[in-house]
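Chemist: Input coords01.cif, format and content: mmCIF, C-alpha atoms.
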```cif
data_final
loop_
_atom_site.label_atom_id
_atom_site.label_comp_id
_atom_site.auth_asym_id
_atom_site.auth_seq_id
_atom_site.Cartn_x
_atom_site.Cartn_y
_atom_site.Cartn_z
CA MET A 156 -1.48 23.65 10.79
CA ARG A 157 0.59 21.39 8.57
CA ARG A 158 -1.05 19.85 5.54
CA GLY A 159 -3.11 16.86 6.68
CA GLU A 160 -2.78 17.70 10.36
CA VAL A 161 -5.79 17.25 12.67
CA ARG A 162 -6.46 18.23 16.27
CA ARG A 163 -4.67 15.54 18.25
CA GLY A 164 -6.86 12.54 18.94
CA SER A 165 -9.84 13.95 17.01
CA ALA A 166 -9.75 11.55 14.04
CA TRP A 167 -9.02 7.87 13.41
CA ALA A 168 -6.85 6.31 10.70
CA LEU A 169 -6.79 2.64 9.70
CA VAL A 170 -3.50 1.28 8.32
CA THR A 171 -3.21 -2.28 7.02
CA GLY A 172 0.15 -4.01 6.79
CA ALA A 173 1.27 -1.66 9.56
CA GLY A 174 3.82 -3.90 11.27
CA SER A 175 6.78 -3.05 9.06
CA GLY A 176 8.02 -1.23 5.98
CA ILE A 177 5.83 1.38 4.34
CA GLY A 178 2.86 0.64 6.62
CA ARG A 179 4.91 1.35 9.74
CA CYS A 180 6.10 4.64 8.24
CA PHE A 181 2.54 5.64 7.36
CA ALA A 182 1.58 4.99 10.98
CA LEU A 183 4.45 7.08 12.38
CA ARG A 184 3.69 10.00 10.09
CA LEU A 185 -0.05 9.92 10.80
CA ALA A 186 0.64 9.86 14.53
CA ASP A 187 2.76 12.99 14.10
CA LEU A 188 -0.21 14.60 12.36
CA GLY A 189 -2.47 13.85 15.33
CA TYR A 190 -4.42 10.78 14.20
CA ASN A 191 -5.53 7.98 16.46
CA LEU A 192 -4.51 4.72 14.82
CA ILE A 193 -5.76 1.20 14.23
CA LEU A 194 -2.84 -0.91 13.05
CA VAL A 195 -3.76 -4.13 11.24
CA GLY A 196 -1.54 -7.03 10.19
CA ASN A 197 -1.36 -10.81 10.22
CA ASN A 198 1.40 -10.95 12.86
CA PRO A 199 0.71 -9.45 16.30
CA GLU A 200 4.32 -9.02 17.45
CA PRO A 201 5.42 -6.43 14.82
CA LEU A 202 2.20 -4.50 15.46
CA ARG A 203 2.97 -4.37 19.18
CA LYS A 204 6.45 -3.05 18.43
CA VAL A 205 5.04 -0.23 16.31
CA GLN A 206 2.48 0.49 19.03
CA GLU A 207 5.35 0.71 21.54
CA GLU A 208 7.18 3.16 19.26
CA LEU A 209 4.13 5.38 19.33
CA ARG A 210 3.72 5.45 23.12
CA THR A 211 5.60 8.74 23.28
CA LYS A 212 2.99 10.39 21.05
CA LYS A 213 0.76 12.20 23.49
CA GLU A 214 -3.01 12.61 23.24
CA ILE A 215 -3.50 9.90 20.62
CA THR A 216 -4.74 6.31 20.93
CA VAL A 217 -3.12 3.39 19.12
CA ARG A 218 -4.86 0.02 18.83
CA THR A 219 -3.68 -3.13 17.08
CA LEU A 220 -5.67 -5.85 15.40
CA SER A 221 -4.07 -9.08 14.18
CA MET A 222 -6.03 -10.48 11.23
CA ASP A 223 -5.39 -12.35 7.99
CA LEU A 224 -6.78 -10.01 5.34
CA ALA A 225 -6.25 -12.45 2.45
CA ARG A 226 -9.68 -14.02 2.94
CA LEU A 227 -13.02 -13.40 1.25
CA GLU A 228 -14.71 -12.40 4.52
CA ALA A 229 -11.79 -10.37 5.94
CA ALA A 230 -13.09 -6.90 5.04
CA GLU A 231 -16.46 -7.56 6.68
CA GLU A 232 -14.83 -8.93 9.83
CA LEU A 233 -12.45 -5.98 10.10
CA THR A 234 -15.19 -3.41 9.56
CA GLU A 235 -17.49 -5.09 12.09
CA SER A 236 -14.72 -5.35 14.67
CA ILE A 237 -13.87 -1.66 14.41
CA GLY A 238 -17.53 -0.67 14.37
CA ALA A 239 -18.22 -2.74 17.49
CA ALA A 240 -15.59 -0.65 19.29
CA GLY A 241 -17.53 2.50 18.42
CA ILE A 242 -14.75 3.87 16.21
CA GLU A 243 -15.43 5.89 13.07
CA ILE A 244 -12.62 5.88 10.52
CA ASP A 245 -11.66 9.12 8.76
CA LEU A 246 -8.65 7.88 6.79
CA VAL A 247 -7.93 4.44 5.33
CA ILE A 248 -4.55 3.26 4.07
CA ASN A 249 -4.74 -0.08 2.25
CA ASN A 250 -1.09 -1.04 2.34
CA ALA A 251 -1.03 -4.80 3.11
CA GLY A 252 0.52 -6.80 0.30
CA ILE A 253 2.10 -10.07 -0.83
CA PHE A 254 4.93 -10.19 -3.36
CA SER A 255 5.78 -13.10 -5.62
CA PHE A 256 8.16 -13.32 -8.55
CA CYS A 257 7.07 -16.51 -10.26
CA ASP A 258 5.60 -17.72 -13.55
CA VAL A 259 1.88 -18.43 -13.37
CA LEU A 260 2.34 -22.11 -14.20
CA LYS A 261 4.80 -22.50 -11.33
CA MET A 262 3.02 -20.42 -8.71
CA ASP A 263 1.32 -22.15 -5.83
CA GLU A 264 -2.42 -21.87 -6.44
CA LYS A 265 -3.16 -20.95 -2.83
CA LYS A 266 -0.64 -18.10 -2.94
CA MET A 267 -2.16 -16.85 -6.18
CA GLU A 268 -5.60 -16.88 -4.60
CA ARG A 269 -4.39 -15.05 -1.49
CA MET A 270 -2.72 -12.36 -3.56
CA LEU A 271 -5.88 -11.72 -5.56
CA LEU A 272 -7.99 -11.61 -2.42
CA LEU A 273 -5.66 -9.34 -0.46
CA HIS A 274 -4.71 -6.83 -3.14
CA ASP A 275 -8.05 -6.58 -4.89
CA MET A 276 -11.07 -8.04 -3.12
CA THR A 277 -10.29 -6.97 0.44
CA THR A 278 -9.09 -3.53 -0.62
CA THR A 279 -12.12 -2.95 -2.84
CA LYS A 280 -14.52 -3.93 -0.07
CA LEU A 281 -12.77 -1.75 2.51
CA CYS A 282 -12.95 1.19 0.12
CA ARG A 283 -16.67 0.68 -0.31
CA TYR A 284 -17.49 0.07 3.34
CA TYR A 285 -15.60 3.04 4.69
CA ALA A 286 -16.61 5.41 1.88
CA GLU A 287 -20.24 4.53 2.64
CA ARG A 288 -19.71 5.41 6.29
CA MET A 289 -17.91 8.65 5.44
CA VAL A 290 -20.78 9.71 3.17
CA ALA A 291 -23.37 8.84 5.84
CA ARG A 292 -21.46 10.91 8.42
CA GLY A 293 -20.94 13.80 6.01
CA VAL A 294 -17.18 13.88 6.55
CA LYS A 295 -14.45 14.62 4.01
CA GLY A 296 -12.55 11.37 4.32
CA HIS A 297 -9.38 10.05 2.70
CA ILE A 298 -8.44 6.67 1.22
CA LEU A 299 -4.96 5.73 0.01
CA ASN A 300 -4.30 2.46 -1.84
CA VAL A 301 -0.74 1.23 -2.31
CA ALA A 302 -0.47 -0.07 -5.88
CA SER A 303 2.85 -0.65 -7.63
CA TYR A 304 5.10 0.50 -10.44
CA SER A 305 4.99 -3.11 -11.68
CA GLN A 306 1.61 -2.46 -13.28
CA TRP A 307 3.56 -0.93 -16.19
CA MET A 308 5.86 -3.97 -16.30
CA PRO A 309 3.94 -6.91 -17.83
CA TYR A 310 6.98 -9.12 -17.48
CA PRO A 311 7.32 -12.88 -17.06
CA GLY A 312 7.26 -13.69 -13.37
CA LEU A 313 5.17 -10.64 -12.50
CA ALA A 314 1.95 -11.61 -14.29
CA ILE A 315 -0.20 -12.07 -11.18
CA TYR A 316 1.42 -9.47 -8.93
CA GLY A 317 1.49 -6.77 -11.62
CA ALA A 318 -2.08 -7.51 -12.69
CA THR A 319 -3.45 -7.21 -9.16
CA LYS A 320 -1.71 -3.85 -8.79
CA ALA A 321 -2.93 -2.67 -12.20
CA TYR A 322 -6.48 -3.41 -11.09
CA LEU A 323 -5.89 -1.53 -7.84
CA LYS A 324 -4.67 1.57 -9.64
CA ALA A 325 -7.51 1.52 -12.21
CA PHE A 326 -10.11 0.95 -9.49
CA SER A 327 -8.71 3.74 -7.31
CA VAL A 328 -8.74 6.31 -10.10
CA ALA A 329 -12.30 5.48 -11.17
CA PHE A 330 -13.57 5.23 -7.59
CA SER A 331 -12.05 8.61 -6.76
CA LYS A 332 -14.18 10.17 -9.49
CA GLU A 333 -17.31 8.52 -8.11
CA VAL A 334 -16.86 9.73 -4.53
CA GLU A 335 -15.27 13.12 -5.23
CA GLU A 336 -18.67 14.83 -5.10
CA HIS A 337 -19.02 13.59 -1.52
CA GLY A 338 -15.74 15.20 -0.49
CA ILE A 339 -13.81 11.92 -0.29
CA THR A 340 -10.28 11.79 -1.68
CA VAL A 341 -8.95 8.53 -3.11
CA THR A 342 -5.31 8.16 -4.17
CA ALA A 343 -3.32 5.27 -5.61
CA ILE A 344 0.40 5.45 -5.01
CA CYS A 345 2.57 3.39 -7.37
CA PRO A 346 6.09 3.12 -5.95
CA ALA A 347 8.93 1.42 -7.78
CA GLY A 348 11.50 -0.39 -5.67
CA VAL A 349 11.24 0.28 -1.94
CA ALA A 350 13.84 -0.83 0.61
CA THR A 351 11.65 -3.25 2.58
CA ASP A 352 11.65 -6.99 3.26
CA LEU A 353 8.75 -7.52 0.83
CA TYR A 354 11.02 -8.66 -2.00
CA GLY A 355 13.20 -10.88 0.19
CA LEU A 356 16.29 -8.70 -0.30
CA PRO A 357 18.89 -8.80 2.50
CA SER A 358 19.41 -5.58 4.46
CA LYS A 359 22.82 -5.00 2.88
CA LEU A 360 21.34 -5.01 -0.64
CA GLN A 361 18.51 -2.76 0.49
CA ARG A 362 20.98 -0.18 1.80
CA LEU A 363 23.00 -0.42 -1.41
CA GLY A 364 19.84 0.02 -3.49
CA VAL A 365 18.96 3.21 -1.62
CA LYS A 366 22.52 4.51 -1.93
CA ILE A 367 22.64 4.12 -5.72
CA GLY A 368 19.08 5.36 -6.21
CA GLY A 369 17.51 2.08 -7.31
CA LEU A 370 15.33 1.91 -4.20
CA ILE A 371 13.67 4.52 -2.04
CA THR A 372 13.24 4.30 1.71
CA PRO A 373 9.85 3.30 3.15
CA ASP A 374 9.58 6.67 4.90
CA ARG A 375 10.15 8.56 1.65
CA CYS A 376 7.45 6.45 0.02
CA ALA A 377 5.02 7.13 2.88
CA LYS A 378 5.79 10.85 2.80
CA ARG A 379 5.21 11.07 -0.96
CA GLY A 380 2.03 9.02 -0.70
CA LEU A 381 0.51 11.23 1.99
CA ASN A 382 1.51 14.40 0.14
CA ALA A 383 -0.28 13.09 -2.95
CA LEU A 384 -3.35 12.28 -0.84
CA TRP A 385 -3.50 15.73 0.77
CA ARG A 386 -3.16 17.32 -2.69
CA GLY A 387 -6.04 15.25 -4.03
CA LYS A 388 -4.04 13.39 -6.69
CA ARG A 389 -5.72 10.27 -8.05
CA CYS A 390 -2.47 8.51 -8.92
CA SER A 391 1.11 9.23 -7.93
CA VAL A 392 4.49 7.69 -8.78
CA PRO A 393 7.09 8.70 -6.20
CA ASP A 394 10.16 10.38 -7.70
CA TRP A 395 10.04 11.98 -11.12
CA TRP A 396 12.74 9.82 -12.73
CA ASN A 397 10.59 6.70 -12.29
CA ARG A 398 7.85 8.34 -14.33
CA LEU A 399 10.27 8.86 -17.22
CA TRP A 400 10.79 5.10 -17.63
CA ILE A 401 7.12 4.13 -17.91
CA PRO A 402 6.75 4.43 -21.74
CA LEU A 403 9.90 2.35 -22.24
CA LEU A 404 8.79 -0.34 -19.80
CA VAL A 405 5.40 -0.66 -21.48
CA ALA A 406 6.87 -0.91 -24.98
CA MET A 407 9.90 -3.11 -24.21
CA PRO A 408 10.22 -5.68 -27.04
CA MET A 409 10.57 -9.42 -26.53
CA PHE A 410 14.13 -9.57 -27.90
CA ILE A 411 15.17 -7.57 -24.83
CA LEU A 412 12.84 -9.42 -22.47
CA ARG A 413 14.09 -12.90 -23.43
CA PRO A 414 17.64 -12.52 -22.08
CA ILE A 415 16.28 -10.75 -19.01
CA ARG A 416 13.90 -13.65 -18.47
CA ARG A 417 16.68 -16.24 -18.82
CA TRP A 418 18.77 -14.39 -16.22
CA THR A 419 15.90 -13.87 -13.77
CA MET A 420 14.57 -17.43 -13.89
CA LYS A 421 16.96 -18.40 -11.07
CA PHE A 422 15.31 -15.83 -8.81
CA GLN A 423 11.78 -17.12 -9.28
CA LYS A 424 10.21 -18.79 -6.28
#
```
Would you mind writing the file's structure down as structure tokens?
Modeler:
Amino acid sequence: MRRGEVRRGSAWALVTGAGSGIGRCFALRLADLGYNLILVGNNPEPLRKVQEELRTKKEITVRTLSMDLARLEAAEELTESIGAAGIEIDLVINNAGIFSFCDVLKMDEKKMERMLLLHDMTTTKLCRYYAERMVARGVKGHILNVASYSQWMPYPGLAIYGATKAYLKAFSVAFSKEVEEHGITVTAICPAGVATDLYGLPSKLQRLGVKIGGLITPDRCAKRGLNALWRGKRCSVPDWWNRLWIPLLVAMPMFILRPIRRWTMKFQK
């Protein structure tokens, strides 16, 4: 069997933010590996389209659940809904995210709150709830949290977004050490630029970014993330050249940041 493969239809995977981008690619790859899927997002139509894509995958079941996960009670509601259907989750991918490039003083307070809730509170609760269930069942489960390369970029405009992702990476690494003795693998993947609609880039710029190597495709990101999960890595940055830049990004002095900030101010929203 391929790494990560299961007997078709014998295990369930939960993927949040599954209607597009990286989440969709995670779903397609997990379906190929034999997992039944629960696809979660805040817009039902994209989820239905992904479900339709997966109709050709034989012997697996795909269910969709439209839910706003950027709420304090979202994790409980999601867990209860899945539990009420009699489904036990073996693999969790916390992929749902909100991006914002904006100074803290200019950011809408509601958006700031939603970002904190979605990236950190909901993800943390889902990790706890499903790890508890995996331990009780005695299964060797898997959890993958999508953090971000921006955690090493404490730049103006990325204060909130980068901080939420830094928390997610730190939490994932520590939590993985806590649950390792129970046979549960937890991985944080920290991609740099990915060619998705998350950043508001037009399709033409996304294709150009991939062509010149500034962005990676969502499928490449999903593939690297799953490979890291199967190998038991606690943290992974897709593509080796992105790892080389981390020390420079962390230590970048203000005399370089100031002109960058002046140029990027027009892109803040």
Chemist: Using all atoms listed in the file, which of the listed residues (A:His297, A:Arg226, A:Arg283, A:Arg292) sits closest to Gly380 of chain A?
Modeler: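 The closest residue to Gly380 of chain A is A:His297.
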Chemist: For atom CA of Ser255 of chain A and atom CA of Pro309 of chain A, quote the distance in Å rounded to one decimal.
Modeler: 13.8 Å
Chemist: Box time for segment 246-251 of chain A: axis-aligned, enclosing all its listed atoms, 5 Å extra on each side; report centre and edge lengths in Å to one decimal, as AutoDock Vina command-line options.
Modeler:
```
--center_x -4.8 --center_y 1.5 --center_z 4.5 --size_x 17.6 --size_y 22.7 --size_z 14.5
```
Chemist: Hey, which of A:Leu370, A:Trp167, A:Arg386, A:Tyr310 ends up closest to Leu412 of chain A? Count all atoms listed in the file.
Modeler: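 For Leu412 of chain A, the nearest of the given residues is A:Tyr310.
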Chemist: May I ask which of the residues A:Arg375, A:Arg269, A:Ala286, A:Asp245 is the closest one to Glu333 of chain A, counting only C-alpha atoms?
Modeler: A:Ala286
Chemist: Compile the contact shell of Cys390 of chain A as a list in words: residues with an atom at most 9 Å away, counting only C-alpha atoms, same-chain residues fewer than 4 positions apart removed.
Modeler: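 Here the qualifying residues turn out to be Lys324, Ser327, Val328, Val341, Thr342, Ala343, Ile344, Cys345, Ala383 and Leu384 of chain A.
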Chemist: Show me the residues around (-14.2, 10.4, 11.8) - criterion: an atom at most 8 Å away, only C-alpha atoms counted - as a ChimeraX atom specification.
Modeler: /A:165-167,242-246,289,294,296
Chemist: For atom CA of Pro199 of chain A and atom CA of Arg179 of chain A, quote the distance in Å rounded to one decimal.
Modeler: 13.3 Å
Chemist: Record the distance separating atom CA of Gly317 of chain A and atom CA of Val195 of chain A, expressed in Å with one decimal.
Modeler: 23.6 Å
Chemist: Decode the PyMOL selection byres ((chain A and resi 315) around 9) for the given file into explicit residues and return them as a list in words.
Modeler: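 This file, filtered by the PyMOL selection byres ((chain A and resi 315) around 9), leaves Ser255, Phe256, Cys257, Asp258, Val259, Met267, Met270, Leu271, Gly312, Leu313, Ala314, Tyr316, Gly317, Ala318, Thr319 and Lys320 of chain A.
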